[in-house]
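Everything below belongs to input.cif, which stores mmCIF, C-alpha atoms.
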```
data_input
loop_
_atom_site.label_atom_id
_atom_site.label_comp_id
_atom_site.auth_asym_id
_atom_site.auth_seq_id
_atom_site.Cartn_x
_atom_site.Cartn_y
_atom_site.Cartn_z
CA SER A 1 20.72 -17.87 21.84
CA GLY A 2 24.30 -18.11 20.61
CA THR A 3 26.01 -15.80 18.15
CA THR A 4 29.04 -15.59 15.91
CA ASP A 5 28.75 -11.79 15.66
CA ARG A 6 31.34 -10.33 18.05
CA GLN A 7 29.26 -7.28 18.89
CA LEU A 8 26.59 -9.58 20.34
CA GLU A 9 28.90 -11.52 22.65
CA HIS A 10 27.51 -11.66 26.22
CA GLN A 11 24.42 -9.75 25.14
CA ALA A 12 21.21 -10.73 26.95
CA PHE A 13 18.17 -9.23 25.30
CA THR A 14 15.29 -8.33 27.60
CA TYR A 15 12.79 -9.88 25.22
CA ASP A 16 14.55 -13.25 25.41
CA GLN A 17 14.70 -13.02 29.21
CA ALA A 18 10.93 -12.58 29.29
CA LEU A 19 10.37 -15.72 27.21
CA SER A 20 12.71 -17.72 29.44
CA CYS A 21 10.88 -16.37 32.45
CA LEU A 22 7.53 -17.56 31.07
CA LEU A 23 8.90 -21.04 30.51
CA PHE A 24 10.24 -21.21 34.07
CA ALA A 25 6.88 -19.95 35.37
CA TRP A 26 5.00 -22.71 33.57
CA GLN A 27 7.08 -25.54 34.99
CA LYS A 28 5.23 -27.78 37.39
CA PRO A 29 6.33 -27.36 40.08
CA LEU A 30 7.37 -23.75 39.56
CA ASP A 31 11.05 -23.53 38.58
CA GLN A 32 12.09 -21.30 41.49
CA GLY A 33 15.77 -22.13 41.04
CA ASN A 34 15.97 -20.41 37.65
CA LEU A 35 13.07 -17.99 37.94
CA LYS A 36 13.85 -15.99 41.04
CA PRO A 37 17.50 -15.18 40.21
CA LEU A 38 16.45 -13.96 36.76
CA LEU A 39 13.66 -11.77 38.11
CA SER A 40 15.83 -10.46 40.93
CA ARG A 41 18.44 -9.42 38.38
CA LEU A 42 15.84 -7.64 36.27
CA GLN A 43 14.47 -5.96 39.39
CA GLN A 44 17.98 -4.66 40.13
CA PHE A 45 18.27 -3.24 36.61
CA TRP A 46 14.86 -1.62 37.00
CA ASN A 47 15.69 -0.08 40.39
CA ARG A 48 18.93 1.46 39.18
CA SER A 49 17.55 2.89 35.92
CA LEU A 50 18.14 6.48 37.14
CA PRO A 51 14.57 7.61 37.91
CA GLU A 52 16.02 10.72 39.54
CA ARG A 53 17.20 11.80 36.07
CA GLY A 54 13.86 11.05 34.48
CA VAL A 55 15.06 7.72 33.08
CA LYS A 56 13.03 4.70 34.13
CA GLY A 57 12.62 1.25 32.70
CA LEU A 58 14.49 -1.76 31.37
CA ALA A 59 16.93 -1.39 28.49
CA ASN A 60 16.51 -3.59 25.42
CA ALA A 61 19.71 -5.49 26.21
CA TYR A 62 22.26 -6.00 28.99
CA ASN A 63 25.80 -7.34 29.05
CA ALA A 64 25.55 -10.64 30.93
CA ALA A 65 29.25 -10.59 31.80
CA THR A 66 29.37 -7.09 33.33
CA GLY A 67 25.76 -6.39 34.32
CA THR A 68 25.83 -3.10 32.44
CA ILE A 69 23.49 -1.90 29.71
CA GLY A 70 24.26 -3.68 26.44
CA VAL A 71 24.29 -2.92 22.73
CA GLU A 72 20.71 -1.62 22.75
CA GLN A 73 20.47 1.12 25.36
CA LEU A 74 16.95 2.11 24.33
CA ARG A 75 13.99 1.32 26.58
CA HIS A 76 11.33 0.17 24.15
CA ALA A 77 7.80 -0.60 25.25
CA GLY A 78 7.62 -4.11 23.76
CA PRO A 79 10.36 -5.95 25.69
CA GLN A 80 9.22 -4.33 28.94
CA ALA A 81 5.65 -5.43 28.26
CA TRP A 82 6.89 -9.01 27.91
CA ILE A 83 8.65 -8.81 31.28
CA GLY A 84 5.35 -7.53 32.66
CA GLN A 85 3.57 -10.56 31.20
CA CYS A 86 5.99 -12.89 32.93
CA LEU A 87 5.52 -11.10 36.25
CA THR A 88 1.75 -11.15 35.82
CA ALA A 89 1.80 -14.89 35.12
CA ILE A 90 3.83 -15.46 38.27
CA ALA A 91 1.38 -13.41 40.35
CA ALA A 92 -1.34 -15.83 39.24
CA LEU A 93 0.76 -18.66 40.66
CA GLU A 94 0.62 -17.23 44.17
CA GLN A 95 4.05 -15.63 43.96
CA PRO A 96 3.01 -12.11 44.96
CA GLU A 97 6.39 -10.59 45.73
CA PHE A 98 6.98 -9.56 42.12
CA ALA A 99 3.45 -8.21 41.50
CA PRO A 100 4.46 -4.60 42.34
CA PHE A 101 7.16 -4.85 39.66
CA ALA A 102 4.46 -5.76 37.11
CA THR A 103 2.25 -2.84 38.07
CA GLU A 104 5.21 -0.44 37.93
CA ILE A 105 5.87 -1.53 34.34
CA ALA A 106 2.20 -1.02 33.47
CA GLU A 107 2.23 2.45 35.05
CA LEU A 108 5.38 3.35 33.12
CA LEU A 109 4.09 2.22 29.73
CA SER A 110 0.67 3.77 30.18
CA GLY A 111 2.52 7.06 30.65
CA TYR A 112 4.47 6.79 27.40
CA PRO A 113 3.35 9.15 24.60
CA HIS A 114 0.29 7.90 22.74
CA TYR A 115 -1.08 8.39 19.25
CA GLY A 116 -4.65 7.45 18.35
CA GLY A 117 -4.79 4.99 21.23
CA ALA A 118 -1.43 3.30 20.56
CA VAL A 119 1.68 3.69 22.69
CA ALA A 120 4.95 5.10 21.36
CA MET A 121 8.06 2.93 21.28
CA SER A 122 9.70 4.95 24.05
CA ASP A 123 9.37 8.11 26.10
CA ARG A 124 12.86 9.23 25.09
CA ASP A 125 14.65 9.81 21.80
CA SER A 126 18.13 8.92 20.62
CA PRO A 127 20.32 11.53 18.90
CA ASP A 128 19.39 10.19 15.46
CA PHE A 129 15.77 9.05 15.84
CA SER A 130 12.53 10.15 17.47
CA TRP A 131 11.35 7.00 19.23
CA SER A 132 8.78 8.95 21.25
CA ALA A 133 6.94 9.84 18.03
CA THR A 134 7.16 6.35 16.48
CA ILE A 135 4.35 3.83 16.90
CA SER A 136 5.34 0.17 16.47
CA THR A 137 2.58 -2.33 15.80
CA GLU A 138 4.73 -5.11 17.28
CA ASN A 139 5.30 -3.14 20.49
CA ASN A 140 1.60 -2.39 20.77
CA ILE A 141 0.62 -6.05 20.37
CA SER A 142 3.00 -6.86 23.23
CA TRP A 143 1.51 -4.04 25.30
CA ALA A 144 -2.03 -5.22 24.49
CA ALA A 145 -1.18 -8.73 25.66
CA LEU A 146 0.04 -7.37 29.00
CA VAL A 147 -2.98 -5.10 29.41
CA ARG A 148 -5.39 -7.96 28.73
CA ALA A 149 -3.60 -10.32 31.11
CA MET A 150 -3.56 -7.80 33.95
CA VAL A 151 -7.22 -6.86 33.59
CA ARG A 152 -8.25 -10.50 33.40
CA GLN A 153 -6.19 -11.52 36.42
CA HIS A 154 -7.50 -8.60 38.44
CA ALA A 155 -11.05 -9.76 37.71
CA ALA A 156 -10.08 -13.29 38.77
CA GLY A 157 -8.58 -12.06 42.04
CA GLU A 158 -5.08 -13.17 41.02
CA LEU A 159 -3.59 -9.66 40.78
CA ARG A 160 -4.57 -6.55 42.68
CA LEU A 161 -4.65 -3.30 40.71
CA SER A 162 -5.47 0.12 42.07
CA PRO A 163 -8.75 1.59 40.78
CA GLN A 164 -6.74 4.24 38.92
CA LEU A 165 -4.49 1.74 37.14
CA LEU A 166 -7.39 -0.58 36.36
CA ALA A 167 -9.28 2.29 34.72
CA LYS A 168 -6.18 3.20 32.70
CA LEU A 169 -5.69 -0.36 31.47
CA GLN A 170 -9.35 -0.82 30.57
CA ALA A 171 -9.17 2.34 28.45
CA GLU A 172 -5.90 1.14 26.91
CA ALA A 173 -7.52 -2.19 25.96
CA THR A 174 -10.39 -0.44 24.16
CA ASN A 175 -8.15 2.07 22.40
CA LEU A 176 -5.64 -0.54 21.25
CA LYS A 177 -8.32 -2.67 19.61
CA ARG A 178 -9.57 0.38 17.72
CA TRP A 179 -6.05 1.35 16.62
CA PHE A 180 -5.25 -2.14 15.30
CA ALA A 181 -8.50 -2.25 13.32
CA THR A 182 -8.47 1.28 11.91
CA THR A 183 -4.79 2.23 11.60
CA ALA A 184 -2.60 -0.87 11.51
CA TYR A 185 -4.93 -2.95 9.33
CA ASN A 186 -5.65 -2.39 5.62
CA PRO A 187 -8.96 -4.15 4.91
CA LYS A 188 -8.40 -3.96 1.13
CA THR A 189 -5.11 -5.86 1.12
CA GLY A 190 -4.97 -7.66 4.44
CA GLN A 191 -1.65 -5.98 5.24
CA LEU A 192 -0.65 -4.85 8.71
CA LEU A 193 1.51 -1.75 8.91
CA ARG A 194 4.72 -2.30 10.81
CA GLY A 195 4.05 1.08 12.37
CA VAL A 196 3.80 4.82 11.81
CA ARG A 197 6.33 7.56 12.37
CA GLU A 198 5.97 11.21 13.29
CA PHE A 199 2.72 10.42 15.10
CA GLY A 200 0.91 8.99 12.13
CA HIS A 201 2.23 11.06 9.27
CA THR A 202 4.61 8.47 7.80
CA PRO A 203 3.49 4.82 7.50
CA ASP A 204 6.29 2.24 7.69
CA PRO A 205 6.08 0.23 4.43
CA ILE A 206 8.29 -2.69 5.54
CA GLU A 207 6.44 -5.97 6.07
CA ALA A 208 7.01 -7.99 9.28
CA SER A 209 5.76 -11.53 9.79
CA ASP A 210 5.45 -11.37 13.56
CA LEU A 211 2.67 -8.78 13.37
CA TYR A 212 0.30 -11.36 11.91
CA THR A 213 1.25 -14.22 14.19
CA TRP A 214 1.33 -12.16 17.39
CA LEU A 215 -1.94 -10.36 16.67
CA GLY A 216 -3.73 -13.61 15.87
CA LEU A 217 -2.39 -15.35 18.95
CA THR A 218 -3.11 -12.38 21.20
CA TYR A 219 -6.75 -11.86 20.29
CA GLY A 220 -7.86 -15.08 18.63
CA PHE A 221 -9.72 -15.18 15.34
CA THR A 222 -13.20 -14.69 16.81
CA GLU A 223 -12.27 -11.46 18.59
CA LEU A 224 -10.41 -10.17 15.53
CA ARG A 225 -13.67 -10.50 13.59
CA GLU A 226 -15.51 -8.63 16.32
CA MET A 227 -12.92 -5.87 15.94
CA GLY A 228 -13.76 -5.59 12.23
CA MET A 229 -10.74 -7.49 10.91
CA ASP A 230 -10.67 -10.57 8.69
CA PRO A 231 -8.27 -13.11 10.25
CA LEU A 232 -8.31 -15.44 7.23
CA GLN A 233 -7.43 -12.50 4.98
CA LEU A 234 -4.51 -11.83 7.34
CA THR A 235 -3.57 -15.51 7.12
CA GLU A 236 -3.53 -15.48 3.32
CA HIS A 237 -1.41 -12.33 3.24
CA PHE A 238 0.97 -13.94 5.71
CA ILE A 239 1.36 -17.03 3.52
CA LYS A 240 1.81 -15.03 0.31
CA THR A 241 4.34 -12.62 1.80
CA PHE A 242 6.43 -14.63 4.25
CA VAL A 243 6.21 -18.38 3.68
CA VAL A 244 9.19 -19.62 1.63
CA ASP A 245 10.43 -22.99 0.40
CA ILE A 246 14.21 -23.36 0.45
CA ASP A 247 15.73 -26.67 -0.59
CA GLY A 248 12.50 -28.44 0.33
CA TYR A 249 12.28 -26.89 3.78
CA LEU A 250 9.15 -24.80 4.32
CA GLY A 251 9.52 -21.88 6.67
CA VAL A 252 8.98 -18.20 7.35
CA ASP A 253 11.12 -15.22 6.42
CA PHE A 254 10.62 -12.39 8.90
CA THR A 255 10.20 -9.80 6.16
CA ASP A 256 9.06 -9.45 2.55
CA ALA A 257 11.11 -10.15 -0.58
CA THR A 258 11.70 -6.47 -1.35
CA HIS A 259 13.10 -5.63 2.07
CA ALA A 260 15.22 -8.79 2.06
CA ARG A 261 16.85 -7.62 -1.16
CA THR A 262 17.48 -4.11 0.16
CA SER A 263 19.10 -5.70 3.23
CA GLY A 264 21.58 -7.42 0.91
CA ARG A 265 20.32 -11.00 1.09
CA ASP A 266 18.14 -13.62 -0.56
CA ARG A 267 15.09 -15.06 1.13
CA ALA A 268 15.83 -17.26 4.11
CA ILE A 269 14.04 -19.29 6.77
CA PHE A 270 14.16 -17.99 10.34
CA LEU A 271 13.28 -20.70 12.79
CA GLU A 272 11.84 -18.44 15.49
CA GLN A 273 9.35 -17.01 13.00
CA THR A 274 8.67 -20.44 11.54
CA PHE A 275 7.68 -22.06 14.81
CA ILE A 276 5.33 -19.24 15.78
CA GLY A 277 4.08 -19.15 12.17
CA ALA A 278 3.16 -22.81 12.45
CA ALA A 279 1.18 -22.06 15.63
CA PHE A 280 -0.63 -19.25 13.79
CA LEU A 281 -1.49 -21.49 10.83
CA ALA A 282 -2.72 -24.20 13.18
CA GLN A 283 -4.99 -21.57 14.70
CA ALA A 284 -6.27 -20.70 11.20
CA TYR A 285 -7.02 -24.38 10.59
CA GLN A 286 -8.92 -24.65 13.87
CA ASP A 287 -10.94 -21.59 12.92
CA SER A 288 -11.72 -22.49 9.32
CA GLY A 289 -11.27 -26.24 8.94
CA ASN A 290 -9.13 -25.53 5.86
CA VAL A 291 -6.69 -28.44 5.71
CA ARG A 292 -4.26 -26.36 3.65
CA TYR A 293 -3.38 -24.38 6.76
CA ARG A 294 -2.91 -27.58 8.76
CA ASP A 295 -0.68 -29.09 6.10
CA LEU A 296 1.50 -25.97 5.86
CA ALA A 297 1.93 -25.91 9.64
CA THR A 298 2.81 -29.61 9.69
CA ARG A 299 5.39 -29.22 6.93
CA MET A 300 6.99 -26.33 8.77
CA VAL A 301 7.40 -28.17 12.05
CA GLN A 302 8.61 -31.37 10.36
CA GLY A 303 11.17 -29.43 8.35
CA MET A 304 12.47 -27.55 11.35
CA ASP A 305 12.80 -30.78 13.29
CA ARG A 306 14.97 -32.18 10.48
CA LEU A 307 17.26 -29.18 10.91
CA ALA A 308 17.64 -29.77 14.66
CA VAL A 309 20.98 -30.92 16.06
CA GLU A 310 21.94 -32.61 19.31
CA GLN A 311 24.17 -30.41 21.42
CA GLU A 312 25.34 -31.38 24.90
CA GLY A 313 22.49 -33.83 25.19
CA GLN A 314 19.80 -31.35 24.19
CA ARG A 315 18.04 -30.55 20.95
CA ALA A 316 19.03 -27.22 19.41
CA TYR A 317 18.03 -25.38 16.27
CA PRO A 318 19.97 -23.16 13.88
CA TYR A 319 18.98 -19.50 13.91
CA SER A 320 18.34 -19.45 10.19
CA TYR A 321 18.58 -21.54 7.05
CA ALA A 322 19.50 -19.96 3.71
CA GLY A 323 20.04 -23.03 1.51
CA GLY A 324 22.75 -23.60 -1.04
CA ALA A 325 26.30 -24.76 -0.39
CA THR A 326 26.56 -22.86 2.92
CA PRO A 327 23.01 -22.97 4.29
CA TYR A 328 23.95 -21.74 7.78
CA ARG A 329 25.90 -18.72 6.58
CA ALA A 330 25.62 -15.37 8.36
CA ILE A 331 22.73 -13.32 7.02
CA PRO A 332 22.38 -9.53 7.38
CA THR A 333 19.23 -8.83 9.36
CA GLY A 334 18.87 -5.18 8.39
CA HIS A 335 19.19 -4.24 12.08
CA GLY A 336 22.96 -3.72 12.13
CA TRP A 337 24.11 -7.28 12.82
CA ASN A 338 24.19 -10.70 11.22
CA THR A 339 22.61 -14.01 12.14
CA PRO A 340 24.83 -16.73 13.63
CA ALA A 341 26.87 -18.55 10.97
CA SER A 342 26.69 -22.03 12.52
CA GLY A 343 24.23 -24.85 12.15
CA GLY A 344 24.82 -25.89 15.74
CA THR A 345 24.07 -22.54 17.35
CA PRO A 346 21.28 -23.25 19.85
CA VAL A 347 18.17 -21.15 19.32
CA GLN A 348 15.39 -22.10 21.68
CA VAL A 349 13.38 -18.90 21.41
CA GLY A 350 11.32 -20.20 18.48
CA ARG A 351 10.19 -23.28 20.38
CA THR A 352 9.49 -21.02 23.33
CA TRP A 353 7.28 -18.85 21.13
CA THR A 354 5.32 -21.89 20.03
CA LEU A 355 4.64 -22.73 23.67
CA VAL A 356 3.67 -19.12 24.38
CA GLY A 357 1.35 -19.08 21.41
CA LEU A 358 -0.39 -22.34 22.25
CA LYS A 359 -0.66 -21.68 25.99
CA ASN A 360 -4.22 -21.17 27.23
CA GLY A 361 -5.98 -22.22 24.05
CA GLY A 362 -3.67 -20.43 21.68
CA GLN A 363 -3.92 -16.89 23.00
CA ILE A 364 -1.09 -14.79 24.33
CA GLY A 365 -2.11 -12.92 27.43
CA ALA A 366 -5.33 -14.90 27.62
#
```
Any chance you could put this one into structure tokens?
Amino acid sequence: SGTTDRQLEHQAFTYDQALSCLLFAWQKPLDQGNLKPLLSRLQQFWNRSLPERGVKGLANAYNAATGTIGVEQLRHAGPQAWIGQCLTAIAALEQPEFAPFATEIAELLSGYPHYGGAVAMSDRDSPDFSWSATISTENNISWAALVRAMVRQHAAGELRLSPQLLAKLQAEATNLKRWFATTAYNPKTGQLLRGVREFGHTPDPIEASDLYTWLGLTYGFTELREMGMDPLQLTEHFIKTFVVDIDGYLGVDFTDATHARTSGRDRAIFLEQTFIGAAFLAQAYQDSGNVRYRDLATRMVQGMDRLAVEQEGQRAYPYSYAGGATPYRAIPTGHGWNTPASGGTPVQVGRTWTLVGLKNGGQIGA
């Protein structure tokens, strides 16, 4: 995606590379021309991540112009789990040469510090923050999706895991389900914690929309019920907390009203979250038959399509929409940078997420 924030120039985020990789993998025939160079580049980054100094893994971002580590030097579990999902999907398509890369990622993440069955964000800390003692719900949903995909594909004969790794991943799958149901989920309110710090001593009070959409699309509503969670309660909390109407456009803000204010902004629509939110609401409609969910999802997609622009012969979407006289203005994200300040900035990751969410009957990692 494009940017008007100078500190993000040439920055290629690992998470976005994983989504692009999945799209290339799903092309029929397989898009070898785009896929293999991308994976080869990531393999190079992985191989030179200084394992001899105890540092292993993919950084959160790389500089596409120089090939060096980018603005986020941390090696979080979530983006690496998404690369693992891409590699696992490719292995199922009889492209075995990258399968060892997938199993190396799984081995690495299974060795990260754990708390109550959930994996820490990293195995290393930065000078100002203890990532190895911080549990992110988002990162753990990504990890759960990879674990489920690898175990399933091993059973189908599409991916070969060692008995030791298979046993690890089966235990991870069980422990993650328990952690989501007993730690991340509040059955009284329907809220999902964004995470916990200091190994469970400090809950993170900030709301995040992607927790609801990713969890629903990873497990499906039936399995969430089996885990002791109420998916329609999660859906209602999602609507109440994140769905916003701005100038007649219905969409999703990635956080709650309180955190938006403390970040120095009004509520806004973020198209990535809106597209995946529409997929989540469509899933709620399929589960319940409640036409309200269907209608909300339809309004979201129709509104986002009205915001689309044609750019170099292709449809593109703005990163965000804030309404008013300058609806495509830069918005502080609360993460140290601003959103692009242009209506024509192409953002395809939201559409990609919709495809990811709806693939294989609406389940990520299924």
Given the PyMOL selection byres ((chain A and resi 209-225) around 9), the residues it picks as a CSV table (one decimal) with C-alpha atoms, in the frame of the given file:
```csv
chain,number,residue,atom,x,y,z
A,137,THR,CA,2.6,-2.3,15.8
A,138,GLU,CA,4.7,-5.1,17.3
A,141,ILE,CA,0.6,-6.0,20.4
A,142,SER,CA,3.0,-6.9,23.2
A,144,ALA,CA,-2.0,-5.2,24.5
A,145,ALA,CA,-1.2,-8.7,25.7
A,177,LYS,CA,-8.3,-2.7,19.6
A,180,PHE,CA,-5.2,-2.1,15.3
A,181,ALA,CA,-8.5,-2.2,13.3
A,191,GLN,CA,-1.6,-6.0,5.2
A,192,LEU,CA,-0.6,-4.8,8.7
A,193,LEU,CA,1.5,-1.8,8.9
A,194,ARG,CA,4.7,-2.3,10.8
A,207,GLU,CA,6.4,-6.0,6.1
A,208,ALA,CA,7.0,-8.0,9.3
A,226,GLU,CA,-15.5,-8.6,16.3
A,227,MET,CA,-12.9,-5.9,15.9
A,228,GLY,CA,-13.8,-5.6,12.2
A,229,MET,CA,-10.7,-7.5,10.9
A,230,ASP,CA,-10.7,-10.6,8.7
A,231,PRO,CA,-8.3,-13.1,10.2
A,232,LEU,CA,-8.3,-15.4,7.2
A,234,LEU,CA,-4.5,-11.8,7.3
A,235,THR,CA,-3.6,-15.5,7.1
A,237,HIS,CA,-1.4,-12.3,3.2
A,238,PHE,CA,1.0,-13.9,5.7
A,241,THR,CA,4.3,-12.6,1.8
A,242,PHE,CA,6.4,-14.6,4.2
A,252,VAL,CA,9.0,-18.2,7.4
A,253,ASP,CA,11.1,-15.2,6.4
A,254,PHE,CA,10.6,-12.4,8.9
A,255,THR,CA,10.2,-9.8,6.2
A,256,ASP,CA,9.1,-9.4,2.6
A,273,GLN,CA,9.4,-17.0,13.0
A,276,ILE,CA,5.3,-19.2,15.8
A,277,GLY,CA,4.1,-19.2,12.2
A,278,ALA,CA,3.2,-22.8,12.4
A,279,ALA,CA,1.2,-22.1,15.6
A,280,PHE,CA,-0.6,-19.2,13.8
A,281,LEU,CA,-1.5,-21.5,10.8
A,283,GLN,CA,-5.0,-21.6,14.7
A,284,ALA,CA,-6.3,-20.7,11.2
A,287,ASP,CA,-10.9,-21.6,12.9
A,356,VAL,CA,3.7,-19.1,24.4
A,357,GLY,CA,1.4,-19.1,21.4
A,358,LEU,CA,-0.4,-22.3,22.2
A,362,GLY,CA,-3.7,-20.4,21.7
A,363,GLN,CA,-3.9,-16.9,23.0
A,364,ILE,CA,-1.1,-14.8,24.3
A,365,GLY,CA,-2.1,-12.9,27.4
A,366,ALA,CA,-5.3,-14.9,27.6
```
Determine the residue membership of the PyMOL selection byres ((chain A and resi 67) around 12) for the file above and supply it as number ranges by chain. A: 10-12, 41-42, 44-45, 48, 59, 61-66, 68-70
Would you kindly return, as a CSV table (one decimal) with C-alpha atoms, in the coordinates of the input, each protein, DNA or RNA residue with an atom no farther than 12 Å from any atom of Thr174 in chain A, considering only C-alpha atoms and excluding same-chain residues fewer than 5 positions away?
```
chain,number,residue,atom,x,y,z
A,116,GLY,CA,-4.6,7.4,18.4
A,117,GLY,CA,-4.8,5.0,21.2
A,118,ALA,CA,-1.4,3.3,20.6
A,144,ALA,CA,-2.0,-5.2,24.5
A,147,VAL,CA,-3.0,-5.1,29.4
A,148,ARG,CA,-5.4,-8.0,28.7
A,151,VAL,CA,-7.2,-6.9,33.6
A,167,ALA,CA,-9.3,2.3,34.7
A,168,LYS,CA,-6.2,3.2,32.7
A,169,LEU,CA,-5.7,-0.4,31.5
A,179,TRP,CA,-6.0,1.4,16.6
A,180,PHE,CA,-5.2,-2.1,15.3
A,181,ALA,CA,-8.5,-2.2,13.3
A,227,MET,CA,-12.9,-5.9,15.9
```
As AutoDock Vina command-line options, what would the box around range 323-330 of chain A look like: edges along x, y and z, 8 Å added on every side, centre and edge lengths in Å to one decimal?
```
--center_x 23.3 --center_y -20.1 --center_z 3.7 --size_x 22.5 --size_y 25.4 --size_z 25.4
```
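For the atom pair formed by CA of Ala99 in chain A and CA of Arg160 in chain A, the distance is 8.3 Å, given to one decimal.
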Residues selected by the PyMOL selection byres ((chain A and resi 102) around 12), written as a PyMOL selection string: chain A and resi 39+42-43+46+57+80-92+96-101+103-109+146-147+149-150+159-161+165
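Between CA of Pro205 in chain A and CA of Asn186 in chain A there is a distance of 12.1 Å.
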Residue neighbourhood Ser320 in chain A, 9 Å, only C-alpha atoms, exclusion window fewer than 2 positions, as a VMD selection string: chain A and resid 268 to 272 317 to 318 322 327 to 331 339 to 341 343
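For the choices A:Asp245, A:Ser20, A:Arg299, A:Leu166, the atom-to-atom distance to Gln153 in chain A is smallest for A:Leu166 when using all atoms listed in the file.
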Smallest atom-to-atom distance to Tyr321 in chain A: which of A:His335, A:Arg294, A:Lys28, A:Arg267, using only C-alpha atoms? A:Arg267
Nearest to Asp204 in chain A, restricted to only C-alpha atoms and choosing among A:Thr182, A:Thr298, A:Ser136, A:Thr189, comes out as A:Ser136
Return the single residue from A:Phe275, A:Phe199, A:Phe24, A:Tyr112 that is closest to Gln302 in chain A, with distances computed using all atoms listed in the file. A:Phe275
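The space between CA of Phe129 in chain A and CA of Asn47 in chain A spans 26.2 Å.
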For range 82-94 of chain A, where the input has fewer atoms than it should, I would like N, CA, C and O atoms rebuilt and written as a PDB file, in the coordinates of the input.
```pdb
ATOM      1  N   TRP A  82       6.718  -7.560  27.767  1.00  0.00           N
ATOM      2  CA  TRP A  82       6.890  -9.010  27.910  1.00  0.00           C
ATOM      3  C   TRP A  82       7.383  -9.381  29.304  1.00  0.00           C
ATOM      4  O   TRP A  82       6.953 -10.391  29.879  1.00  0.00           O
ATOM      5  N   ILE A  83       8.261  -8.577  29.886  1.00  0.00           N
ATOM      6  CA  ILE A  83       8.650  -8.810  31.280  1.00  0.00           C
ATOM      7  C   ILE A  83       7.417  -8.675  32.171  1.00  0.00           C
ATOM      8  O   ILE A  83       7.203  -9.472  33.101  1.00  0.00           O
ATOM      9  N   GLY A  84       6.584  -7.693  31.893  1.00  0.00           N
ATOM     10  CA  GLY A  84       5.350  -7.530  32.660  1.00  0.00           C
ATOM     11  C   GLY A  84       4.446  -8.736  32.550  1.00  0.00           C
ATOM     12  O   GLY A  84       3.807  -9.148  33.525  1.00  0.00           O
ATOM     13  N   GLN A  85       4.386  -9.346  31.353  1.00  0.00           N
ATOM     14  CA  GLN A  85       3.570 -10.560  31.200  1.00  0.00           C
ATOM     15  C   GLN A  85       4.093 -11.694  32.062  1.00  0.00           C
ATOM     16  O   GLN A  85       3.318 -12.441  32.670  1.00  0.00           O
ATOM     17  N   CYS A  86       5.400 -11.842  32.099  1.00  0.00           N
ATOM     18  CA  CYS A  86       5.990 -12.890  32.930  1.00  0.00           C
ATOM     19  C   CYS A  86       5.637 -12.654  34.397  1.00  0.00           C
ATOM     20  O   CYS A  86       5.201 -13.562  35.113  1.00  0.00           O
ATOM     21  N   LEU A  87       5.807 -11.418  34.864  1.00  0.00           N
ATOM     22  CA  LEU A  87       5.520 -11.100  36.250  1.00  0.00           C
ATOM     23  C   LEU A  87       4.045 -11.310  36.574  1.00  0.00           C
ATOM     24  O   LEU A  87       3.684 -11.774  37.661  1.00  0.00           O
ATOM     25  N   THR A  88       3.181 -10.974  35.625  1.00  0.00           N
ATOM     26  CA  THR A  88       1.750 -11.150  35.820  1.00  0.00           C
ATOM     27  C   THR A  88       1.394 -12.631  35.903  1.00  0.00           C
ATOM     28  O   THR A  88       0.566 -13.056  36.717  1.00  0.00           O
ATOM     29  N   ALA A  89       2.041 -13.443  35.069  1.00  0.00           N
ATOM     30  CA  ALA A  89       1.800 -14.890  35.120  1.00  0.00           C
ATOM     31  C   ALA A  89       2.238 -15.463  36.456  1.00  0.00           C
ATOM     32  O   ALA A  89       1.575 -16.343  37.016  1.00  0.00           O
ATOM     33  N   ILE A  90       3.345 -14.968  36.991  1.00  0.00           N
ATOM     34  CA  ILE A  90       3.830 -15.460  38.270  1.00  0.00           C
ATOM     35  C   ILE A  90       2.877 -15.069  39.397  1.00  0.00           C
ATOM     36  O   ILE A  90       2.619 -15.844  40.323  1.00  0.00           O
ATOM     37  N   ALA A  91       2.325 -13.852  39.323  1.00  0.00           N
ATOM     38  CA  ALA A  91       1.380 -13.410  40.350  1.00  0.00           C
ATOM     39  C   ALA A  91       0.178 -14.349  40.421  1.00  0.00           C
ATOM     40  O   ALA A  91      -0.372 -14.588  41.498  1.00  0.00           O
ATOM     41  N   ALA A  92      -0.224 -14.890  39.271  1.00  0.00           N
ATOM     42  CA  ALA A  92      -1.340 -15.830  39.240  1.00  0.00           C
ATOM     43  C   ALA A  92      -0.984 -17.159  39.887  1.00  0.00           C
ATOM     44  O   ALA A  92      -1.873 -17.949  40.213  1.00  0.00           O
ATOM     45  N   LEU A  93       0.300 -17.412  40.061  1.00  0.00           N
ATOM     46  CA  LEU A  93       0.760 -18.660  40.660  1.00  0.00           C
ATOM     47  C   LEU A  93       1.095 -18.477  42.139  1.00  0.00           C
ATOM     48  O   LEU A  93       1.915 -19.196  42.699  1.00  0.00           O
ATOM     49  N   GLU A  94       0.465 -17.485  42.746  1.00  0.00           N
ATOM     50  CA  GLU A  94       0.620 -17.230  44.170  1.00  0.00           C
ATOM     51  C   GLU A  94       2.076 -16.927  44.535  1.00  0.00           C
ATOM     52  O   GLU A  94       2.603 -17.404  45.545  1.00  0.00           O
TER      53      GLU A  94
END
```
